[in-house]
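Below is one structure, written out as structure tokens; comments come after it.
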Amino acid sequence: MSSIPLTPAQHAILAHAIGHAEGRIEWFPPNINGGARQKVLDGLAKRNLIRQVGKRWRVAAAGYDALGIPRPDTSKKRIGQFEAKLDQIIVNAEGVPSAPNDAELEAAVTAAEAMWAKPRTRVNSKQAEVVRMLQRPEGATVRQICEATGWQAHTVRGAFAGAFKKKLGLTLVSDKQRGGERVYRVA
């Protein structure tokens, strides 16, 4: 036990924090309310018996010493839930057959890269529907595409410039009949 004198309230607060809240100051005796709580905390902090961690107060090493309680073992490395799961994954992976050899790996990478070069479109997507509309002999107007997809006109024009021209490499042509709407087609 150290020579640091404690009031009964300070002793009770520190003992409760160590015994019940893993060192967090969360409880006060019923007779300590309001501003008195802050005064007790200030007194404990001034004597380095507690320290602030984030917005919470925790019992410091001197607080354990003042009560004559051994400090928690800080030399042990505490691992979190993530590390524990990672350790389990590593243990499970040790029984897995070895990785493919370089030739197999190179073939897999080449196949994956070949897939990246091809534009991927879903047959039932709005983009695919717009492409089908543009491939018709009569083409499609922005208004028709808006009605079919629910897109706004600026979205349709953006898709023409970005997805269709740049990403899919389609060549779009348009013509406008006198007094009519502009009609877009895939060339």
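Ligands are numbered from 1 in the order shown, chains are lettered A, B, ... in the order of the structure tokens, and residues start at 1 in each chain.
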May I have all residues of region 3-78 of chain A that DSSP, computed from the backbone, assigns to alpha helix (DSSP H), given as an MDAnalysis selection string?
chainID A and resid 8:20 35:46 61:67
Please give the complete set of residues from region 11-163 of chain A that DSSP, run on the backbone, assigns to strand (DSSP E or B), formatted as a list of chain:residue names.
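Residues meeting the strand (DSSP E or B) criterion: A:Arg24, A:Ile50, A:Arg51, A:Gln52, A:Val53, A:Arg56, A:Trp57, A:Arg58, A:Val59, A:Ala140, A:Thr141.
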For Val142 (chain A), please output as a ChimeraX atom specification all residues within 7 Å (counting only C-alpha atoms; exclusion window: fewer than 3 positions along the same chain).
/A:145-146,153,156
Please save C-alpha atoms of the selected residues as a PDB file, in the first residue's frame.
ATOM      1  CA  ILE A 145     -35.037   6.390 -74.065  1.00  0.00           C
ATOM      2  CA  CYS A 146     -36.143   8.407 -71.024  1.00  0.00           C
ATOM      3  CA  ALA A 153     -32.415  13.527 -70.443  1.00  0.00           C
ATOM      4  CA  VAL A 156     -29.129   9.687 -71.377  1.00  0.00           C
TER       5      VAL A 156
END
List the spatial neighbours of Ala21 (chain A) as a ChimeraX atom specification - criterion: any atom at most 12 Å away, only C-alpha atoms, same-chain residues fewer than 4 positions off excluded.
/A:13-17,25-27,56-59
Go ahead and write the selection's residues with N, CA and C atoms as a PDB file, in the first residue's frame.
ATOM      1  N   ILE A  13     -14.545   5.009  -4.950  1.00  0.00           N
ATOM      2  CA  ILE A  13     -14.626   5.198  -6.411  1.00  0.00           C
ATOM      3  C   ILE A  13     -13.555   4.377  -7.113  1.00  0.00           C
ATOM      4  N   LEU A  14     -12.306   4.456  -6.614  1.00  0.00           N
ATOM      5  CA  LEU A  14     -11.219   3.700  -7.238  1.00  0.00           C
ATOM      6  C   LEU A  14     -11.447   2.195  -7.119  1.00  0.00           C
ATOM      7  N   ALA A  15     -11.861   1.748  -5.928  1.00  0.00           N
ATOM      8  CA  ALA A  15     -12.084   0.318  -5.702  1.00  0.00           C
ATOM      9  C   ALA A  15     -13.200  -0.202  -6.610  1.00  0.00           C
ATOM     10  N   HIS A  16     -14.258   0.562  -6.757  1.00  0.00           N
ATOM     11  CA  HIS A  16     -15.357   0.134  -7.628  1.00  0.00           C
ATOM     12  C   HIS A  16     -14.907   0.074  -9.084  1.00  0.00           C
ATOM     13  N   ALA A  17     -14.145   1.070  -9.514  1.00  0.00           N
ATOM     14  CA  ALA A  17     -13.681   1.091 -10.902  1.00  0.00           C
ATOM     15  C   ALA A  17     -12.805  -0.117 -11.208  1.00  0.00           C
ATOM     16  N   ILE A  25     -13.849   4.821 -14.536  1.00  0.00           N
ATOM     17  CA  ILE A  25     -14.584   5.544 -13.486  1.00  0.00           C
ATOM     18  C   ILE A  25     -16.010   5.748 -14.010  1.00  0.00           C
ATOM     19  N   GLU A  26     -16.927   4.921 -13.496  1.00  0.00           N
ATOM     20  CA  GLU A  26     -18.316   4.990 -13.965  1.00  0.00           C
ATOM     21  C   GLU A  26     -19.306   5.153 -12.811  1.00  0.00           C
ATOM     22  N   TRP A  27     -18.854   4.982 -11.577  1.00  0.00           N
ATOM     23  CA  TRP A  27     -19.759   4.966 -10.427  1.00  0.00           C
ATOM     24  C   TRP A  27     -19.267   5.953  -9.382  1.00  0.00           C
ATOM     25  N   ARG A  56     -13.297   9.407 -21.272  1.00  0.00           N
ATOM     26  CA  ARG A  56     -13.502   8.645 -20.037  1.00  0.00           C
ATOM     27  C   ARG A  56     -12.296   8.761 -19.119  1.00  0.00           C
ATOM     28  N   TRP A  57     -12.542   8.572 -17.838  1.00  0.00           N
ATOM     29  CA  TRP A  57     -11.493   8.527 -16.841  1.00  0.00           C
ATOM     30  C   TRP A  57     -11.216   7.079 -16.489  1.00  0.00           C
ATOM     31  N   ARG A  58      -9.921   6.748 -16.342  1.00  0.00           N
ATOM     32  CA  ARG A  58      -9.506   5.390 -15.964  1.00  0.00           C
ATOM     33  C   ARG A  58      -8.535   5.480 -14.787  1.00  0.00           C
ATOM     34  N   VAL A  59      -8.486   4.429 -14.001  1.00  0.00           N
ATOM     35  CA  VAL A  59      -7.560   4.376 -12.871  1.00  0.00           C
ATOM     36  C   VAL A  59      -6.145   4.259 -13.433  1.00  0.00           C
TER      37      VAL A  59
END
Any idea what the distance is between CA of Asp65 (chain A) and CA of Gly35 (chain A)?
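Taking CA of Asp65 (chain A) and CA of Gly35 (chain A), their separation equals 26.9 Å.
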Here is a test: counting only C-alpha atoms, which residue of A:Gly169, A:Gly63, A:Pro70, A:Gly139 is nearest to Arg24 (chain A)?
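Between A:Gly169, A:Gly63, A:Pro70, A:Gly139, the residue approaching Arg24 (chain A) most closely is A:Gly63.
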